[in-house]
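Peer 1: Dropping in query.tsv, which is TSV, C-alpha atoms and all ligand atoms:
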chain	number	residue	atom	x	y	z
A	1	MET	CA	11.32	8.19	3.52
A	2	THR	CA	12.08	10.93	1.12
A	3	THR	CA	15.42	12.59	1.47
A	4	PRO	CA	15.69	16.26	0.59
A	5	GLN	CA	17.25	15.38	-2.76
A	6	ASN	CA	14.57	12.89	-3.48
A	7	THR	CA	11.92	15.37	-2.48
A	8	ASP	CA	13.25	17.65	-5.20
A	9	ARG	CA	13.21	14.79	-7.66
A	10	ALA	CA	9.69	13.98	-6.60
A	11	ALA	CA	8.62	17.57	-6.95
A	12	SER	CA	9.61	17.67	-10.58
A	13	ALA	CA	7.96	14.30	-11.16
A	14	THR	CA	4.61	15.60	-9.98
A	15	THR	CA	4.46	18.67	-12.17
A	16	GLY	CA	1.34	18.60	-14.22
A	17	ARG	CA	-0.64	16.30	-11.90
A	18	SER	CA	-4.30	16.90	-12.58
A	19	ARG	CA	-7.59	16.13	-10.97
A	20	VAL	CA	-10.48	14.32	-12.50
A	21	THR	CA	-13.78	16.04	-12.03
A	22	PRO	CA	-16.30	13.87	-10.18
A	23	GLY	CA	-17.85	11.44	-12.56
A	24	ALA	CA	-15.00	11.52	-15.04
A	25	VAL	CA	-13.56	8.25	-13.72
A	26	PRO	CA	-15.86	5.30	-14.33
A	27	GLY	CA	-17.60	4.26	-11.15
A	28	ASN	CA	-16.45	7.35	-9.30
A	29	ALA	CA	-16.75	6.87	-5.55
A	30	HIS	CA	-18.60	10.11	-5.08
A	31	HIS	CA	-21.47	7.86	-5.97
A	32	ALA	CA	-20.12	4.45	-5.01
A	33	SER	CA	-19.34	5.09	-1.35
A	34	SER	CA	-23.00	5.19	-0.48
A	35	GLU	CA	-23.32	1.57	-1.66
A	36	ARG	CA	-20.84	0.31	0.89
A	37	SER	CA	-21.84	-0.98	4.26
A	38	ARG	CA	-20.05	0.70	7.12
A	39	GLU	CA	-20.34	0.68	10.86
A	40	PRO	CA	-19.67	3.72	13.02
A	41	SER	CA	-16.16	3.93	14.47
A	42	ALA	CA	-15.58	4.05	18.21
A	43	ALA	CA	-12.38	5.27	19.84
A	44	VAL	CA	-10.59	2.34	21.47
A	45	PRO	CA	-7.05	2.92	22.73
A	46	GLY	CA	-4.29	0.43	22.09
A	47	ASN	CA	-3.28	-1.81	19.26
A	48	ALA	CA	-6.16	-2.85	17.05
A	49	ARG	CA	-4.46	-6.22	16.38
A	50	ASN	CA	-4.52	-7.19	20.03
A	51	ALA	CA	-7.71	-5.50	21.06
A	52	PRO	CA	-10.24	-8.21	21.91
A	53	SER	CA	-13.01	-5.86	20.84
A	54	ALA	CA	-11.59	-5.85	17.33
A	55	VAL	CA	-12.56	-9.48	16.83
A	56	GLY	CA	-15.66	-9.86	14.78
A	57	ARG	CA	-15.83	-6.33	13.49
A	58	SER	CA	-17.02	-5.86	9.95
A	59	ALA	CA	-14.28	-6.59	7.45
A	60	SER	CA	-15.16	-3.51	5.45
A	61	GLU	CA	-14.84	-1.42	8.56
A	62	GLY	CA	-11.52	0.16	9.48
A	63	SER	CA	-9.90	-0.08	12.86
A	64	LEU	CA	-12.00	0.71	15.87
A	65	GLN	CA	-9.78	3.71	16.49
A	66	THR	CA	-10.20	7.06	14.86
A	67	PRO	CA	-8.50	6.67	11.49
A	68	LEU	CA	-5.19	8.34	10.82
A	69	LEU	CA	-5.75	7.95	7.10
A	70	SER	CA	-9.19	7.89	5.55
A	71	VAL	CA	-9.35	7.00	1.86
A	72	ARG	CA	-12.62	7.37	-0.02
A	73	GLY	CA	-13.20	6.66	-3.67
A	74	LEU	CA	-9.55	7.01	-4.57
A	75	SER	CA	-9.26	6.65	-8.32
A	76	VAL	CA	-6.28	7.16	-10.58
A	77	ARG	CA	-6.29	6.95	-14.31
A	78	PHE	CA	-3.56	7.68	-16.82
A	79	ARG	CA	-4.16	9.62	-20.01
A	80	MET	CA	-2.61	7.82	-22.94
A	81	ARG	CA	-2.06	8.67	-26.60
A	82	GLY	CA	-5.11	8.62	-28.83
A	83	GLY	CA	-7.45	9.58	-25.98
A	84	ARG	CA	-7.11	6.16	-24.30
A	85	HIS	CA	-7.15	5.85	-20.52
A	86	ILE	CA	-5.75	3.31	-18.11
A	87	ALA	CA	-7.84	2.94	-14.96
A	88	ALA	CA	-5.03	1.96	-12.59
A	89	VAL	CA	-6.99	2.45	-9.35
A	90	ALA	CA	-10.77	2.69	-9.03
A	91	ASP	CA	-12.82	3.58	-5.99
A	92	ALA	CA	-10.36	2.49	-3.31
A	93	ASP	CA	-12.02	2.92	0.03
A	94	PHE	CA	-10.36	2.16	3.39
A	95	ASP	CA	-9.31	3.56	6.75
A	96	LEU	CA	-6.03	3.06	8.55
A	97	ALA	CA	-5.66	3.72	12.25
A	98	PRO	CA	-2.61	4.40	14.40
A	99	GLY	CA	-1.15	1.08	15.55
A	100	GLU	CA	-2.64	-0.76	12.58
A	101	CYS	CA	-1.12	-2.48	9.56
A	102	LEU	CA	-3.08	-3.01	6.36
A	103	ALA	CA	-1.47	-5.29	3.78
A	104	LEU	CA	-2.36	-4.55	0.16
A	105	VAL	CA	-1.93	-7.67	-1.97
A	106	GLY	CA	-2.68	-8.63	-5.56
A	107	GLU	CA	-1.10	-9.65	-8.84
A	108	SER	CA	1.54	-7.57	-10.56
A	109	GLY	CA	0.08	-4.55	-12.33
A	110	CYS	CA	-3.18	-4.39	-10.37
A	111	GLY	CA	-2.52	-0.85	-9.14
A	112	LYS	CA	-0.91	-1.24	-5.71
A	113	SER	CA	2.08	1.03	-6.31
A	114	VAL	CA	-0.01	3.62	-8.11
A	115	LEU	CA	-2.25	3.79	-5.06
A	116	ALA	CA	0.78	4.38	-2.81
A	117	SER	CA	2.18	6.99	-5.20
A	118	ALA	CA	-1.14	8.81	-5.14
A	119	LEU	CA	-0.94	9.01	-1.35
A	120	LEU	CA	2.46	10.69	-1.63
A	121	GLY	CA	1.59	13.02	-4.51
A	122	LEU	CA	4.17	11.23	-6.63
A	123	LEU	CA	2.08	10.47	-9.68
A	124	PRO	CA	3.39	11.38	-13.11
A	125	GLY	CA	1.95	14.22	-15.17
A	126	ASN	CA	-0.45	12.06	-17.18
A	127	ALA	CA	-2.25	10.91	-14.02
A	128	GLN	CA	-5.71	12.13	-13.04
A	129	THR	CA	-7.11	11.50	-9.57
A	130	ALA	CA	-10.52	11.48	-7.94
A	131	GLY	CA	-11.77	10.85	-4.42
A	132	SER	CA	-10.04	11.84	-1.19
A	133	ALA	CA	-7.29	10.63	1.13
A	134	LEU	CA	-7.49	12.51	4.39
A	135	LEU	CA	-4.48	12.49	6.68
A	136	GLY	CA	-5.75	14.66	9.49
A	137	ASP	CA	-6.63	17.96	7.90
A	138	VAL	CA	-4.65	17.34	4.69
A	139	ASP	CA	-6.18	15.74	1.62
A	140	LEU	CA	-3.19	14.00	0.09
A	141	LEU	CA	-4.83	13.98	-3.33
A	142	THR	CA	-5.34	17.73	-3.55
A	143	ALA	CA	-2.53	19.14	-1.37
A	144	ASP	CA	-0.13	21.40	-3.23
A	145	GLU	CA	3.44	20.32	-3.87
A	146	ARG	CA	4.87	22.73	-1.29
A	147	THR	CA	2.72	21.22	1.47
A	148	LEU	CA	3.56	17.69	0.39
A	149	ALA	CA	7.30	18.36	0.19
A	150	ARG	CA	7.61	20.41	3.38
A	151	THR	CA	5.18	18.81	5.78
A	152	VAL	CA	4.00	15.47	4.44
A	153	ARG	CA	6.71	13.37	2.77
A	154	GLY	CA	9.10	12.02	5.35
A	155	ARG	CA	7.48	13.85	8.25
A	156	ARG	CA	3.89	12.63	8.17
A	157	VAL	CA	4.18	9.87	5.58
A	158	GLY	CA	7.30	7.74	5.23
A	159	LEU	CA	8.01	5.56	2.23
A	160	VAL	CA	9.92	2.34	1.81
A	161	PRO	CA	10.13	2.49	-1.98
A	162	GLN	CA	9.70	-0.41	-4.36
A	163	SER	CA	12.98	0.38	-6.14
A	164	PRO	CA	15.47	1.38	-3.46
A	165	ALA	CA	18.37	1.56	-5.91
A	166	ALA	CA	16.53	4.31	-7.79
A	167	HIS	CA	15.45	6.02	-4.56
A	168	LEU	CA	18.87	6.25	-2.90
A	169	THR	CA	21.07	9.14	-3.97
A	170	PRO	CA	23.86	7.52	-6.00
A	171	VAL	CA	26.66	9.97	-5.11
A	172	ARG	CA	26.33	9.83	-1.32
A	173	THR	CA	27.10	7.01	1.08
A	174	VAL	CA	24.31	5.36	3.00
A	175	GLY	CA	25.71	6.83	6.23
A	176	ALA	CA	25.70	10.33	4.76
A	177	GLN	CA	22.11	9.92	3.55
A	178	LEU	CA	21.00	8.65	6.93
A	179	ALA	CA	22.80	11.54	8.69
A	180	GLU	CA	21.31	14.09	6.31
A	181	THR	CA	17.81	12.70	6.80
A	182	LEU	CA	18.24	12.52	10.57
A	183	ARG	CA	19.36	16.14	10.62
A	184	ALA	CA	16.53	17.32	8.40
A	185	LEU	CA	13.74	15.38	10.09
A	186	THR	CA	14.79	14.98	13.73
A	187	GLY	CA	17.17	17.90	14.30
A	188	THR	CA	19.87	15.54	15.62
A	189	ARG	CA	23.02	17.52	16.55
A	190	LYS	CA	26.00	17.22	14.25
A	191	GLN	CA	28.18	15.47	16.84
A	192	ASP	CA	25.49	12.85	17.44
A	193	LEU	CA	24.74	12.08	13.80
A	194	ARG	CA	27.18	9.20	13.35
A	195	ALA	CA	25.83	7.29	16.35
A	196	ALA	CA	22.25	8.06	15.37
A	197	ALA	CA	22.92	6.79	11.83
A	198	ARG	CA	24.28	3.52	13.26
A	199	THR	CA	21.18	3.13	15.41
A	200	ALA	CA	18.92	3.85	12.43
A	201	ALA	CA	20.81	1.31	10.31
A	202	GLU	CA	20.55	-1.31	13.05
A	203	ARG	CA	16.75	-0.98	13.09
A	204	ALA	CA	16.59	-2.19	9.50
A	205	ALA	CA	19.37	-4.79	9.89
A	206	PHE	CA	21.68	-2.70	7.73
A	207	PRO	CA	25.26	-3.56	8.77
A	208	ALA	CA	27.04	-0.64	10.41
A	209	ASP	CA	30.30	-1.48	8.63
A	210	HIS	CA	28.56	-0.80	5.29
A	211	LEU	CA	27.53	2.75	6.18
A	212	ASP	CA	30.42	4.20	4.18
A	213	ARG	CA	29.33	2.42	1.02
A	214	TYR	CA	27.64	4.03	-1.95
A	215	PRO	CA	24.35	2.62	-3.25
A	216	HIS	CA	26.01	0.99	-6.27
A	217	GLU	CA	28.23	-0.98	-3.87
A	218	LEU	CA	25.20	-2.61	-2.23
A	219	SER	CA	23.37	-5.80	-3.11
A	220	GLY	CA	19.63	-5.50	-3.82
A	221	GLY	CA	18.83	-6.74	-0.33
A	222	LEU	CA	21.20	-4.27	1.33
A	223	ALA	CA	19.79	-1.40	-0.71
A	224	GLN	CA	16.33	-2.48	0.44
A	225	ARG	CA	17.47	-2.40	4.07
A	226	ALA	CA	19.09	1.02	3.59
A	227	ALA	CA	15.83	2.35	2.16
A	228	THR	CA	13.89	0.87	5.09
A	229	ALA	CA	16.30	2.49	7.56
A	230	LEU	CA	15.79	5.86	5.84
A	231	ALA	CA	12.04	5.41	5.90
A	232	LEU	CA	11.95	4.81	9.65
A	233	VAL	CA	14.12	7.83	10.56
A	234	GLY	CA	11.43	10.50	10.45
A	235	ASP	CA	9.12	8.57	12.77
A	236	ALA	CA	6.25	9.51	10.45
A	237	PRO	CA	2.85	8.45	11.84
A	238	LEU	CA	2.04	6.78	8.51
A	239	LEU	CA	4.47	4.49	6.73
A	240	LEU	CA	3.94	3.21	3.19
A	241	ALA	CA	6.09	0.19	2.46
A	242	ASP	CA	6.05	-0.91	-1.18
A	243	GLU	CA	7.43	-4.45	-1.38
A	244	PRO	CA	9.81	-3.87	1.56
A	245	THR	CA	11.00	-7.49	1.54
A	246	THR	CA	11.91	-7.84	-2.13
A	247	GLY	CA	15.30	-9.49	-2.59
A	248	LEU	CA	15.65	-10.55	1.04
A	249	ASP	CA	16.27	-14.06	2.33
A	250	ARG	CA	13.47	-15.55	4.44
A	251	ASP	CA	15.33	-14.75	7.69
A	252	LEU	CA	15.72	-11.13	6.66
A	253	VAL	CA	12.13	-11.00	5.46
A	254	ASP	CA	11.03	-12.06	8.93
A	255	ARG	CA	13.41	-9.63	10.59
A	256	THR	CA	12.29	-6.71	8.41
A	257	VAL	CA	8.65	-7.57	8.86
A	258	ASP	CA	9.07	-7.88	12.62
A	259	GLU	CA	10.78	-4.48	12.73
A	260	LEU	CA	7.89	-3.00	10.79
A	261	ARG	CA	5.46	-4.65	13.20
A	262	ARG	CA	7.35	-3.12	16.14
A	263	HIS	CA	6.96	0.22	14.40
A	264	VAL	CA	3.22	-0.42	14.17
A	265	ASP	CA	3.00	-1.52	17.79
A	266	GLU	CA	4.62	1.77	18.80
A	267	GLY	CA	1.52	3.43	17.39
A	268	HIS	CA	2.41	4.08	13.74
A	269	ALA	CA	0.13	3.11	10.88
A	270	LEU	CA	1.52	0.94	8.09
A	271	LEU	CA	0.22	0.32	4.60
A	272	MET	CA	2.32	-2.55	3.30
A	273	ILE	CA	2.19	-3.50	-0.35
A	274	THR	CA	3.42	-7.01	-0.90
A	275	HIS	CA	3.30	-10.14	-3.05
A	276	ASP	CA	4.53	-12.11	-0.06
A	277	LEU	CA	1.41	-13.48	1.58
A	278	ALA	CA	3.43	-15.07	4.39
A	279	ALA	CA	4.86	-11.64	5.22
A	280	ALA	CA	1.37	-10.15	5.06
A	281	GLU	CA	0.05	-12.77	7.46
A	282	ARG	CA	2.94	-12.11	9.83
A	283	VAL	CA	2.63	-8.33	9.97
A	284	ALA	CA	-0.88	-7.22	9.08
A	285	ASP	CA	-4.06	-6.67	11.05
A	286	ARG	CA	-6.13	-6.57	7.88
A	287	VAL	CA	-5.63	-7.58	4.30
A	288	ALA	CA	-6.94	-5.70	1.25
A	289	VAL	CA	-6.96	-7.68	-1.99
A	290	MET	CA	-6.73	-5.69	-5.20
A	291	TYR	CA	-7.71	-6.95	-8.62
A	292	ALA	CA	-7.60	-4.92	-11.83
A	293	GLY	CA	-7.43	-1.63	-9.96
A	294	ARG	CA	-10.15	-2.33	-7.41
A	295	ILE	CA	-10.11	-3.52	-3.82
A	296	VAL	CA	-12.25	-6.66	-4.07
A	297	GLU	CA	-11.91	-7.89	-0.48
A	298	LEU	CA	-10.98	-6.34	2.84
A	299	ALA	CA	-10.70	-8.76	5.73
A	300	ASP	CA	-9.18	-9.32	9.14
A	301	THR	CA	-5.89	-11.18	8.74
A	302	ALA	CA	-6.80	-14.07	11.01
A	303	ARG	CA	-10.08	-14.65	9.18
A	304	PHE	CA	-8.47	-14.27	5.78
A	305	PHE	CA	-5.64	-16.76	6.32
A	306	GLY	CA	-7.52	-19.01	8.70
A	307	THR	CA	-11.18	-19.85	8.99
A	308	PRO	CA	-13.45	-19.13	7.19
A	309	GLY	CA	-10.84	-17.89	4.70
A	310	PRO	CA	-11.19	-15.34	1.90
A	311	ARG	CA	-14.57	-14.70	0.38
A	312	HIS	CA	-13.73	-13.35	-3.06
A	313	PRO	CA	-12.96	-16.12	-5.59
A	314	TYR	CA	-9.83	-14.24	-6.69
A	315	ALA	CA	-8.59	-13.96	-3.10
A	316	ARG	CA	-9.22	-17.67	-2.63
A	317	GLY	CA	-7.30	-18.31	-5.83
A	318	LEU	CA	-4.34	-16.35	-4.49
A	319	LEU	CA	-4.20	-18.51	-1.39
A	320	ASN	CA	-4.77	-21.72	-3.34
A	321	ALA	CA	-1.82	-20.85	-5.56
A	322	LEU	CA	0.58	-20.99	-2.61
A	323	PRO	CA	2.94	-24.00	-2.63
A	324	GLU	CA	2.04	-24.79	0.98
A	325	ARG	CA	-1.66	-24.88	0.03
A	326	ALA	CA	-3.19	-26.35	-3.13
A	327	PHE	CA	-0.38	-25.01	-5.39
A	328	THR	CA	-2.99	-24.41	-8.10
A	329	PRO	CA	-2.50	-21.30	-10.22
A	330	ILE	CA	-5.43	-19.08	-11.10
A	331	PRO	CA	-6.28	-19.81	-14.74
A	332	GLY	CA	-6.06	-17.02	-17.31
A	333	MET	CA	-4.72	-13.50	-17.10
A	334	PRO	CA	-6.05	-10.28	-15.58
A	335	PRO	CA	-7.71	-7.88	-18.04
A	336	GLU	CA	-5.92	-4.87	-19.47
A	337	LEU	CA	-6.53	-1.84	-17.28
A	338	GLY	CA	-7.10	0.16	-20.43
A	339	ASP	CA	-9.83	-2.20	-21.59
A	340	LEU	CA	-11.78	-3.34	-18.56
A	341	PRO	CA	-15.11	-5.14	-18.94
A	342	PRO	CA	-18.19	-3.29	-17.67
A	343	GLY	CA	-19.00	-6.03	-15.16
A	344	CYS	CA	-16.84	-7.97	-12.70
A	345	ALA	CA	-13.21	-7.84	-13.94
A	346	PHE	CA	-12.58	-11.36	-12.60
A	347	GLU	CA	-15.55	-12.93	-14.41
A	348	ALA	CA	-13.52	-14.48	-17.25
A	349	ARG	CA	-11.32	-16.36	-14.76
A	350	CYS	CA	-13.95	-17.22	-12.19
A	351	THR	CA	-15.47	-20.69	-11.86
A	352	TYR	CA	-18.39	-19.22	-9.91
A	353	ALA	CA	-19.37	-16.67	-12.57
A	354	THR	CA	-23.01	-16.35	-13.58
A	355	ASP	CA	-24.98	-13.92	-15.74
A	356	ALA	CA	-25.18	-11.60	-12.75
A	357	CYS	CA	-21.43	-10.94	-13.08
A	358	ALA	CA	-21.99	-8.94	-16.27
A	359	VAL	CA	-22.86	-6.13	-13.85
A	360	ARG	CA	-20.03	-4.83	-11.65
A	361	PRO	CA	-20.62	-6.02	-8.07
A	362	ALA	CA	-20.82	-3.39	-5.34
A	363	PHE	CA	-18.37	-3.61	-2.45
A	364	THR	CA	-20.63	-4.80	0.34
A	365	ASP	CA	-19.73	-6.24	3.73
A	366	GLY	CA	-16.04	-6.51	2.88
A	367	VAL	CA	-16.29	-8.10	-0.56
A	368	ALA	CA	-17.10	-7.12	-4.15
A	369	CYS	CA	-18.66	-10.30	-5.53
A	370	HIS	CA	-22.13	-11.41	-6.54
A	371	HIS	CA	-21.55	-14.89	-5.11
A	372	PRO	CA	-19.33	-14.72	-2.04
A	373	PRO	CA	-19.66	-18.03	-0.20
A	374	ALA	CA	-20.69	-17.77	3.42
A	375	GLU	CA	-18.85	-20.93	4.40
A	376	GLU	CA	-15.33	-22.28	4.05
A	377	PRO	CA	-14.41	-22.52	0.35
A	378	ALA	CA	-14.88	-25.96	-1.15
A	379	ARG	CA	-11.66	-25.73	-3.19
A	380	ALA	CA	-9.31	-24.76	-0.33
B	1	LIG	N1	2.78	6.63	-15.91
B	1	LIG	C1	1.98	5.64	-16.29
B	1	LIG	N2	1.31	5.72	-17.45
B	1	LIG	C2	0.47	4.73	-17.85
B	1	LIG	N3	0.24	3.61	-17.12
B	1	LIG	C3	0.89	3.49	-15.96
B	1	LIG	C4	1.78	4.49	-15.46
B	1	LIG	N4	2.27	4.07	-14.26
B	1	LIG	C5	1.69	2.88	-14.03
B	1	LIG	N5	0.86	2.54	-15.02
B	1	LIG	C6	0.04	1.32	-15.11
B	1	LIG	O1	-0.76	1.25	-13.95
B	1	LIG	C7	-0.98	-0.13	-13.66
B	1	LIG	C8	-0.74	-0.39	-12.20
B	1	LIG	O2	0.66	-0.32	-11.96
B	1	LIG	P1	1.28	-0.57	-10.51
B	1	LIG	O3	2.74	-0.26	-10.61
B	1	LIG	O4	0.50	0.17	-9.50
B	1	LIG	O5	1.05	-2.12	-10.30
B	1	LIG	P2	1.43	-3.00	-9.03
B	1	LIG	O6	0.19	-3.67	-8.58
B	1	LIG	O7	2.16	-2.17	-8.03
B	1	LIG	O8	2.40	-4.05	-9.71
B	1	LIG	P3	3.74	-4.71	-9.12
B	1	LIG	O9	3.29	-5.62	-8.06
B	1	LIG	O10	4.32	-5.40	-10.31
B	1	LIG	O11	4.59	-3.58	-8.63
B	1	LIG	C9	-0.10	-0.94	-14.60
B	1	LIG	O12	-0.91	-1.41	-15.65
B	1	LIG	C10	0.88	0.07	-15.10
B	1	LIG	O13	1.32	-0.27	-16.38
Would you mind writing the file's structure down as structure tokens?
Ligand SMILES: Nc1ncnc2c1ncn2[C@@H]1O[C@H](COP(=O)(O)OP(=O)(O)OP(=O)(O)O)[C@@H](O)[C@H]1O
Peer 2:
Amino acid sequence: MTTPQNTDRAASATTGRSRVTPGAVPGNAHHASSERSREPSAAVPGNARNAPSAVGRSASEGSLQTPLLSVRGLSVRFRMRGGRHIAAVADADFDLAPGECLALVGESGCGKSVLASALLGLLPGNAQTAGSALLGDVDLLTADERTLARTVRGRRVGLVPQSPAAHLTPVRTVGAQLAETLRALTGTRKQDLRAAARTAAERAAFPADHLDRYPHELSGGLAQRAATALALVGDAPLLLADEPTTGLDRDLVDRTVDELRRHVDEGHALLMITHDLAAAERVADRVAVMYAGRIVELADTARFFGTPGPRHPYARGLLNALPERAFTPIPGMPPELGDLPPGCAFEARCTYATDACAVRPAFTDGVACHHPPAEEPARA
């Protein structure tokens, strides 16, 4: 959720945003999308997670419903001094339907937050974008700031920010910020604002007796819950939640995640960025795994966490690193996004790598790997 003040802040942050001409970003999806296998969508009412017909659909395919958000070839790169570039996001390609949650997971610095910022038009001035992100008739990558501020942020796309302390307005109480947002986005009458703010707080497990507190008087977890409450107020059809469970105890993680799931089950779409794979398993219908700026696997949650498990060696490594699984870290470090190899970015860390990996693998049938195993991974 973006409060009016934060919208202003965001507006100034986006000044100077520029577009990359097709082809200027390596591997631009204007060419790459044709390599990807897709099946035609069919309109199926109801929640994609529970729809029996959803079982067995292609992992690279979005929900069976008409997508609310359709992202094609989304690329973001940052211009740096000396003519260098950082390819933070490359060729992201996914759909998100109403009533569906997609969890975006991956190591720190792989581009998850930049992707979310691109969808909100909140990239800094040295960012260049390519591709498209259609939310109905609006392309979020090319929409002007006035459209984004007046009709998109908060109203059509809500945000649970990664850094709630920086997102909340420091000189206003949480209650005042909730009331202001309720008034701006829902038209709640003045006399009803206090009760409505309490209800909004309750949804995110924010204690009502803390509504008169200022952001600096909140713990990290409480600030997170305040930001979640603000994000839910506008009832935006698309919610972006960037690490919404950071700093919360396990109980509160579960409670927050369950509230987000309720939001999804009411028909909203949720893109949840998280390091918490347990939270992803609990809330998501599908999981997208990002590595070095690229989505390398897109899978149904049940298949990903259960049988047959992930197909990309990096995704398998993520699961194997969990304490409740093999507790084996992935060896090595991800490559610098400003100095990516021409082939598979995971090659140097991959025990399955062959000469073929010197060429970047296409994203085919839900995975970008030259050697995705068909069966259950041997190292699970
Ligand atoms: N304004 C910027 N200029 C240059 N590089 C940037 C800028 N903003 C982000 N980056 C780089 O883009 C890359 C992706 O960052 P991003 O914040 O999206 O990672 P992330 O996957 O969300 O990580 P985390 O999980 O730690 O939040 C990082 O290498 C980061 O340093």
Peer 1: If you count only C-alpha atoms and all ligand atoms, which residues end up within 10 Å of ligand LIG 1 (chain B), as an MDAnalysis selection string?
Peer 2: chainID A and resid 76:81 85:89 104:118 123:127 162:163 242:243 273:275 290:293 335:338
Peer 1: Can you tell me how far atom CA of A:Leu319 sits from atom CA of A:Ala348, in Å to one decimal?
Peer 2: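 Calculated distance between atom CA of A:Leu319 and atom CA of A:Ala348 is 18.8 Å.
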Peer 1: Considering all atoms listed in the file, can you say which of A:Leu277, A:Val152, A:Ala231, A:Cys101 comes closest to A:Glu324?
Peer 2: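 The answer is A:Leu277, which sits nearest to A:Glu324.
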Peer 1: What is the distance, in Å and to one decimal place, between atom CA of A:Pro237 and atom CA of A:Asp265?
Peer 2: 11.6 Å
Peer 1: One decimal, Å: what's the distance from atom CA of A:Ala92 over to atom CA of A:Thr246, could you say?
Peer 2: 24.6 Å
Peer 1: Would you list the contacts of stretch 167-177 of chain A as a list of chain:residue names, taking every protein, DNA or RNA residue within 6 Å and counting all atoms listed in the file, but skipping same-chain residues closer than 4 positions in sequence?
Peer 2: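 The contact residues come out as A:Leu211, A:Asp212, A:Arg213, A:Tyr214, A:Pro215.
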Peer 1: Given only C-alpha atoms as the basis, pick out the residue of A:Gly343, A:Ala196, A:Arg203, A:Ala165 nearest to A:Glu180.
Peer 2: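 Nearest to A:Glu180: A:Ala196.
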Peer 1: Excluding A:Phe206 and residues on its chain fewer than 6 positions from it, collect all residues at most 7 Å away from it, counting only C-alpha atoms, and give them as a ChimeraX atom specification.
Peer 2: /A:222,225-226
Peer 1: What would the file look like if the residues just selected were written as a JSON list (two decimals), in the frame of the given file with C-alpha atoms?
Peer 2:
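That gives us selection00.json:
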[["chain", "number", "residue", "atom", "x", "y", "z"],
["A", 222, "LEU", "CA", 21.20, -4.27, 1.33],
["A", 225, "ARG", "CA", 17.47, -2.40, 4.07],
["A", 226, "ALA", "CA", 19.09, 1.02, 3.59]]
